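Presented below is the structure to which this report refers.
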Amino acid sequence: MNAGNSLAKQIVRCSRTIAAGSGRKLKVIGLEESRAIAAHSRLTPLEVEITCLENGVVPMRYLRNIGTAGIQGQLKLLYSTVAICGAGGLGGSVIELLARQGIGHLVIIDNGRFVENNLNRQIMSGEDVLRRSKVKVAAQRVRRINSAIAVKKCSTYINDSSVDGLLKGCDVVVDALDSLSSRMVVEASCRRLKLPFVHGAIAGYCGQVMTVLPGDKGLSAIYGPGCDVRGVEAVTGNPSATPTAIAAWEVQEVVKLITGTGEPIRNRLLFVDFADGSLESIPLAQEGK
Amino acid sequence: MATVNVRFVGPWRLYLGVERCTIQAATVEDVIEQMETTYGPKYHERLLRGGVKERRSISGDSNILVNRVHIRQLTDHTLKDGDNIDVIARFVGG
């Protein structure tokens, strides 16, 4: 009997069948059993979770994902690598949600440290982590949420010379940055590496989301050419709830892209204004038109 | 002279108290000038109430699209009747 078969049998032995609603039955395995198998084998917790799903056994932590993602979708999520550019207001919530969703590999890029004016909105911040590296704090948070996830910590500036190396090997890149010039650098790299790029930005009660696929016009359709622009966030500030709301929308885009479900918000800008409760889909010019 | 539809998106509705209007103008520059003349003072009033001393303008803080195309990418700024202009508050925060 090979090791793979033995592991599969061990997983099935540790699993139990539960009613998953609507008459469906699913085999599940608990966190304790899953980690014990990892500890007694030479596999990482992530490899064990993948093996579980490949054998039709759902780690209990993903049970509520299965109805929308399916077992194959959850497997795709665990196999995938997502880069999060920025670990502040948007980025902190994106990281939190991607960890809970079960993205197998996260690349977190930010060179900043938490300061007091982050406390109103940056979900990873707290009085106890002021002056600490955002990337290190985020990695610790991910480990607390889901210790199976592999995190690559990149406490570095994103610039023309570093960006391709940071994003190479990723499946999706999330924009959680706070300047247009950095966004343009990341978008250009995604073009070169042929990666999907999920854009998000916030100010006051407003936020926007768009997914850019290779070949799309992308950010220049929103902001025009060049990157010498400023935003109204200097006037509106960024209150507590807006970043998390827009981050959640960005995460939905990531999950859709990886699992191949739904339609990405492409060649249009999804614009949310919480002040008047409006949500608009603004069509944008497409490449070559 | 063309009659064009202007739509304000985002905090402009709150700040300027307007969602849509029509403007008679020959070029995009004319639209911007009329927009700043009509609604600019409301923005400045709002800025002053918020303690902002910096000189800012609606057009300077917006992405402006004419029939979906950003004005910085337009080759011809001449307008036609029924053109749709979106004035979208610009932001880059994260």
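Scheme for the structure tokens: letters A, B, ... for chains in order shown; per-chain residue numbers from 1; ligand numbers from 1 in order shown.
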
Taking a cut-off of 9 Å and counting only C-alpha atoms, can you build a table that, for each residue of region 178-263 of chain A near region 76-87 of chain A, reports the nearest atom pair and how far apart they are in Å (one decimal), sorted by chain then residue number, as JSON lines?
{"residue": "A:Asp178", "atom": "CA", "partner": "A:Gly86", "partner_atom": "CA", "distance": 7.8}
{"residue": "A:Arg183", "atom": "CA", "partner": "A:Cys85", "partner_atom": "CA", "distance": 8.8}
{"residue": "A:Val186", "atom": "CA", "partner": "A:Cys85", "partner_atom": "CA", "distance": 8.3}
{"residue": "A:Val254", "atom": "CA", "partner": "A:Val82", "partner_atom": "CA", "distance": 8.2}
{"residue": "A:Val255", "atom": "CA", "partner": "A:Leu77", "partner_atom": "CA", "distance": 7.4}
{"residue": "A:Ile258", "atom": "CA", "partner": "A:Leu77", "partner_atom": "CA", "distance": 6.4}
{"residue": "A:Thr259", "atom": "CA", "partner": "A:Lys76", "partner_atom": "CA", "distance": 6.3}

Pull out every residue of chain A sitting within 8 Å of chain B, counting only C-alpha atoms, and send them as a ChimeraX atom specification. /A:86,88-91,176-180,200-203,205-206,221-225,230-233,235,238,243,271-273,275,283-285

Selection export as a compact mmCIF listing (two decimals), in the first residue's frame, atoms kept: N, CA, C and O atoms:
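The resulting file, again_6.txt, is reproduced below:
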# COMPACT_ATOMS: atom_id res chain seq x y z
N GLY A 86 -0.46 45.96 -0.24
CA GLY A 86 -0.95 46.89 0.78
C GLY A 86 -1.64 46.10 1.88
O GLY A 86 -2.46 45.23 1.60
N GLY A 88 -3.13 47.71 4.67
CA GLY A 88 -3.73 48.75 5.50
C GLY A 88 -5.23 48.57 5.63
O GLY A 88 -5.70 47.51 6.05
N GLY A 89 -6.00 49.61 5.23
CA GLY A 89 -7.46 49.57 5.37
C GLY A 89 -8.08 48.49 4.51
O GLY A 89 -8.74 47.57 5.01
N LEU A 90 -7.88 48.57 3.22
CA LEU A 90 -8.41 47.54 2.32
C LEU A 90 -7.67 46.22 2.54
O LEU A 90 -8.29 45.16 2.71
N GLY A 91 -6.34 46.30 2.54
CA GLY A 91 -5.53 45.09 2.57
C GLY A 91 -5.77 44.23 3.80
O GLY A 91 -5.87 43.00 3.70
N ALA A 176 -4.66 46.93 -2.90
CA ALA A 176 -5.11 47.52 -1.64
C ALA A 176 -4.16 48.68 -1.31
O ALA A 176 -3.85 48.93 -0.15
N LEU A 177 -3.72 49.34 -2.35
CA LEU A 177 -2.72 50.40 -2.24
C LEU A 177 -3.39 51.75 -1.97
O LEU A 177 -4.61 51.86 -2.03
N ASP A 178 -2.56 52.77 -1.71
CA ASP A 178 -3.14 54.08 -1.44
C ASP A 178 -2.55 55.18 -2.30
O ASP A 178 -2.64 56.35 -1.96
N SER A 179 -1.94 54.78 -3.40
CA SER A 179 -1.48 55.81 -4.35
C SER A 179 -1.67 55.29 -5.77
O SER A 179 -1.57 54.07 -6.01
N LEU A 180 -1.95 56.22 -6.68
CA LEU A 180 -2.18 55.79 -8.05
C LEU A 180 -0.88 55.34 -8.71
O LEU A 180 -0.87 54.38 -9.49
N GLY A 200 -9.35 48.17 -6.14
CA GLY A 200 -10.29 48.76 -5.20
C GLY A 200 -9.73 50.07 -4.70
O GLY A 200 -8.50 50.24 -4.62
N ALA A 201 -10.60 51.03 -4.40
CA ALA A 201 -10.16 52.30 -3.82
C ALA A 201 -11.32 52.87 -3.01
O ALA A 201 -12.49 52.55 -3.27
N ILE A 202 -10.97 53.71 -2.04
CA ILE A 202 -11.99 54.23 -1.12
C ILE A 202 -11.75 55.71 -0.80
O ILE A 202 -10.63 56.20 -0.87
N ALA A 203 -12.84 56.37 -0.44
CA ALA A 203 -12.78 57.74 0.12
C ALA A 203 -14.11 58.00 0.80
O ALA A 203 -15.17 57.88 0.18
N TYR A 205 -17.53 57.94 2.27
CA TYR A 205 -18.60 56.95 2.17
C TYR A 205 -18.56 56.20 0.84
O TYR A 205 -19.46 55.42 0.56
N CYS A 206 -17.56 56.46 0.00
CA CYS A 206 -17.56 55.89 -1.35
C CYS A 206 -16.44 54.87 -1.53
O CYS A 206 -15.39 54.94 -0.89
N ALA A 221 -8.63 53.67 -17.97
CA ALA A 221 -10.02 53.95 -18.35
C ALA A 221 -10.73 54.75 -17.25
O ALA A 221 -11.67 55.50 -17.52
N ILE A 222 -10.28 54.58 -16.01
CA ILE A 222 -10.88 55.32 -14.89
C ILE A 222 -10.18 56.66 -14.70
O ILE A 222 -10.81 57.70 -14.59
N TYR A 223 -8.84 56.60 -14.60
CA TYR A 223 -8.07 57.77 -14.17
C TYR A 223 -7.45 58.54 -15.33
O TYR A 223 -6.88 59.61 -15.11
N GLY A 224 -7.54 58.00 -16.53
CA GLY A 224 -6.84 58.63 -17.64
C GLY A 224 -5.38 58.22 -17.61
O GLY A 224 -4.93 57.54 -16.68
N PRO A 225 -4.63 58.62 -18.64
CA PRO A 225 -3.20 58.26 -18.65
C PRO A 225 -2.43 59.05 -17.59
O PRO A 225 -2.87 60.11 -17.16
N ARG A 230 -4.49 63.35 -7.62
CA ARG A 230 -4.77 63.19 -6.20
C ARG A 230 -6.25 62.84 -6.05
O ARG A 230 -7.02 62.95 -7.00
N GLY A 231 -6.65 62.47 -4.85
CA GLY A 231 -8.02 62.05 -4.67
C GLY A 231 -8.74 62.84 -3.61
O GLY A 231 -8.11 63.56 -2.82
N VAL A 232 -10.06 62.70 -3.59
CA VAL A 232 -10.87 63.44 -2.61
C VAL A 232 -10.75 62.88 -1.19
O VAL A 232 -11.28 63.46 -0.26
N GLU A 233 -10.03 61.75 -1.06
CA GLU A 233 -9.87 61.21 0.30
C GLU A 233 -9.12 62.18 1.21
O GLU A 233 -9.25 62.11 2.43
N VAL A 235 -9.94 65.11 1.48
CA VAL A 235 -11.04 65.91 2.04
C VAL A 235 -11.96 65.04 2.89
O VAL A 235 -12.34 65.38 4.00
N ASN A 238 -11.09 58.60 5.57
CA ASN A 238 -11.52 57.22 5.36
C ASN A 238 -12.10 56.68 6.66
O ASN A 238 -11.36 56.29 7.56
N PRO A 243 -13.57 50.72 4.14
CA PRO A 243 -12.54 49.79 3.64
C PRO A 243 -12.98 48.33 3.67
O PRO A 243 -12.76 47.59 2.71
N PHE A 271 -19.34 51.31 -8.50
CA PHE A 271 -19.16 52.49 -7.64
C PHE A 271 -20.23 52.48 -6.55
O PHE A 271 -21.42 52.50 -6.85
N VAL A 272 -19.80 52.45 -5.31
CA VAL A 272 -20.72 52.39 -4.18
C VAL A 272 -20.67 53.72 -3.44
O VAL A 272 -19.59 54.23 -3.15
N ASP A 273 -21.84 54.27 -3.16
CA ASP A 273 -21.90 55.47 -2.33
C ASP A 273 -22.83 55.17 -1.14
O ASP A 273 -24.05 55.14 -1.28
N ALA A 275 -23.42 56.99 1.28
CA ALA A 275 -24.12 58.19 1.77
C ALA A 275 -25.57 58.19 1.30
O ALA A 275 -26.47 58.56 2.05
N PRO A 283 -20.12 51.90 -17.14
CA PRO A 283 -19.37 51.30 -18.26
C PRO A 283 -18.16 52.15 -18.62
O PRO A 283 -18.23 53.38 -18.58
N LEU A 284 -17.06 51.49 -18.96
CA LEU A 284 -15.83 52.20 -19.32
C LEU A 284 -15.41 51.81 -20.73
O LEU A 284 -15.76 50.73 -21.21
N ALA A 285 -14.64 52.69 -21.34
CA ALA A 285 -14.13 52.40 -22.69
C ALA A 285 -13.27 51.16 -22.65
O ALA A 285 -12.52 50.94 -21.70

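Closest approach to Thr78 (chain B) among B:Thr38, B:Thr27, B:Ser59, B:Thr3 is made by B:Thr27 (distances from only C-alpha atoms).
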
Per DSSP on the backbone, filter chain B down to the residues in alpha helix (DSSP H) and report them as a compact mmCIF listing (two decimals) with N, CA, C and O atoms, in the first residue's frame.
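After the write, result-v2.txt holds the following:
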# COMPACT_ATOMS: atom_id res chain seq x y z
N PRO B 11 -19.54 61.55 -3.86
CA PRO B 11 -19.83 62.60 -2.88
C PRO B 11 -20.30 63.91 -3.51
O PRO B 11 -20.81 64.77 -2.79
N TRP B 12 -20.18 64.07 -4.79
CA TRP B 12 -20.66 65.31 -5.43
C TRP B 12 -22.14 65.52 -5.15
O TRP B 12 -22.59 66.65 -4.98
N ARG B 13 -22.90 64.44 -5.13
CA ARG B 13 -24.35 64.59 -4.89
C ARG B 13 -24.60 65.22 -3.53
O ARG B 13 -25.46 66.06 -3.36
N LEU B 14 -23.81 64.74 -2.58
CA LEU B 14 -23.94 65.24 -1.21
C LEU B 14 -23.40 66.67 -1.11
O LEU B 14 -24.02 67.55 -0.52
N TYR B 15 -22.25 66.89 -1.72
CA TYR B 15 -21.58 68.18 -1.60
C TYR B 15 -22.28 69.27 -2.41
O TYR B 15 -22.36 70.42 -1.98
N LEU B 16 -22.73 68.91 -3.62
CA LEU B 16 -23.24 69.94 -4.55
C LEU B 16 -24.76 69.97 -4.58
O LEU B 16 -25.35 70.91 -5.13
N VAL B 28 -15.79 70.19 -24.18
CA VAL B 28 -15.66 69.68 -22.81
C VAL B 28 -15.19 70.81 -21.89
O VAL B 28 -15.65 70.94 -20.75
N GLU B 29 -14.30 71.64 -22.39
CA GLU B 29 -13.78 72.75 -21.58
C GLU B 29 -14.92 73.69 -21.17
O GLU B 29 -14.95 74.19 -20.05
N ASP B 30 -15.87 73.91 -22.10
CA ASP B 30 -17.04 74.75 -21.77
C ASP B 30 -17.85 74.13 -20.64
O ASP B 30 -18.33 74.83 -19.74
N VAL B 31 -18.04 72.81 -20.71
CA VAL B 31 -18.81 72.11 -19.67
C VAL B 31 -18.14 72.30 -18.31
O VAL B 31 -18.79 72.64 -17.32
N ILE B 32 -16.84 72.12 -18.30
CA ILE B 32 -16.11 72.24 -17.03
C ILE B 32 -16.23 73.67 -16.48
O ILE B 32 -16.48 73.86 -15.29
N GLU B 33 -16.10 74.63 -17.37
CA GLU B 33 -16.17 76.02 -16.93
C GLU B 33 -17.55 76.34 -16.33
O GLU B 33 -17.65 76.93 -15.24
N GLN B 34 -18.62 75.88 -17.02
CA GLN B 34 -19.98 76.14 -16.51
C GLN B 34 -20.23 75.39 -15.20
O GLN B 34 -20.86 75.90 -14.28
N MET B 35 -19.70 74.17 -15.14
CA MET B 35 -19.87 73.36 -13.93
C MET B 35 -19.20 74.04 -12.73
O MET B 35 -19.78 74.14 -11.65
N GLU B 36 -17.99 74.52 -12.95
CA GLU B 36 -17.26 75.18 -11.86
C GLU B 36 -17.95 76.49 -11.44
O GLU B 36 -18.03 76.82 -10.27
N THR B 37 -18.50 77.20 -12.44
CA THR B 37 -19.18 78.47 -12.13
C THR B 37 -20.44 78.21 -11.32
O THR B 37 -20.72 78.90 -10.33
N THR B 38 -21.21 77.18 -11.74
CA THR B 38 -22.49 76.92 -11.08
C THR B 38 -22.32 76.22 -9.74
O THR B 38 -22.96 76.60 -8.75
N TYR B 39 -21.49 75.20 -9.71
CA TYR B 39 -21.43 74.35 -8.51
C TYR B 39 -20.14 74.51 -7.70
O TYR B 39 -20.09 74.07 -6.55
N GLY B 40 -19.12 75.11 -8.30
CA GLY B 40 -17.84 75.27 -7.61
C GLY B 40 -17.97 75.94 -6.24
O GLY B 40 -17.39 75.47 -5.25
N PRO B 41 -18.77 77.04 -6.15
CA PRO B 41 -18.88 77.71 -4.84
C PRO B 41 -19.41 76.79 -3.74
O PRO B 41 -19.00 76.89 -2.58
N LYS B 42 -20.31 75.85 -4.12
CA LYS B 42 -20.84 74.92 -3.11
C LYS B 42 -19.72 73.99 -2.60
O LYS B 42 -19.67 73.65 -1.43
N TYR B 43 -18.85 73.59 -3.51
CA TYR B 43 -17.73 72.74 -3.12
C TYR B 43 -16.78 73.52 -2.20
O TYR B 43 -16.36 73.02 -1.15
N HIS B 44 -16.50 74.75 -2.58
CA HIS B 44 -15.59 75.55 -1.76
C HIS B 44 -16.17 75.80 -0.37
O HIS B 44 -15.46 75.77 0.63
N GLU B 45 -17.49 76.02 -0.35
CA GLU B 45 -18.18 76.23 0.93
C GLU B 45 -18.03 74.97 1.80
O GLU B 45 -17.73 75.04 2.99
N ARG B 46 -18.21 73.83 1.17
CA ARG B 46 -18.08 72.55 1.87
C ARG B 46 -16.65 72.36 2.40
O ARG B 46 -16.45 71.91 3.53
N LEU B 47 -15.69 72.70 1.56
CA LEU B 47 -14.29 72.57 1.96
C LEU B 47 -13.98 73.47 3.15
O LEU B 47 -13.33 73.05 4.11
N LEU B 48 -14.48 74.70 3.08
CA LEU B 48 -14.21 75.65 4.17
C LEU B 48 -14.83 75.18 5.48
O LEU B 48 -14.22 75.27 6.54
N ARG B 49 -16.06 74.63 5.36
CA ARG B 49 -16.72 74.11 6.57
C ARG B 49 -15.91 72.96 7.19
O ARG B 49 -15.92 72.76 8.39

Compile the contact shell of Val212 (chain A) as an MDAnalysis selection string: residues with an atom at most 6 Å away, counting only C-alpha atoms, same-chain residues fewer than 3 positions apart removed. chainID A and resid 196:197 216 218

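The interatomic distance for the pair CA of Pro59 (chain A) and CA of Ala138 (chain A) works out to 23.4 Å.
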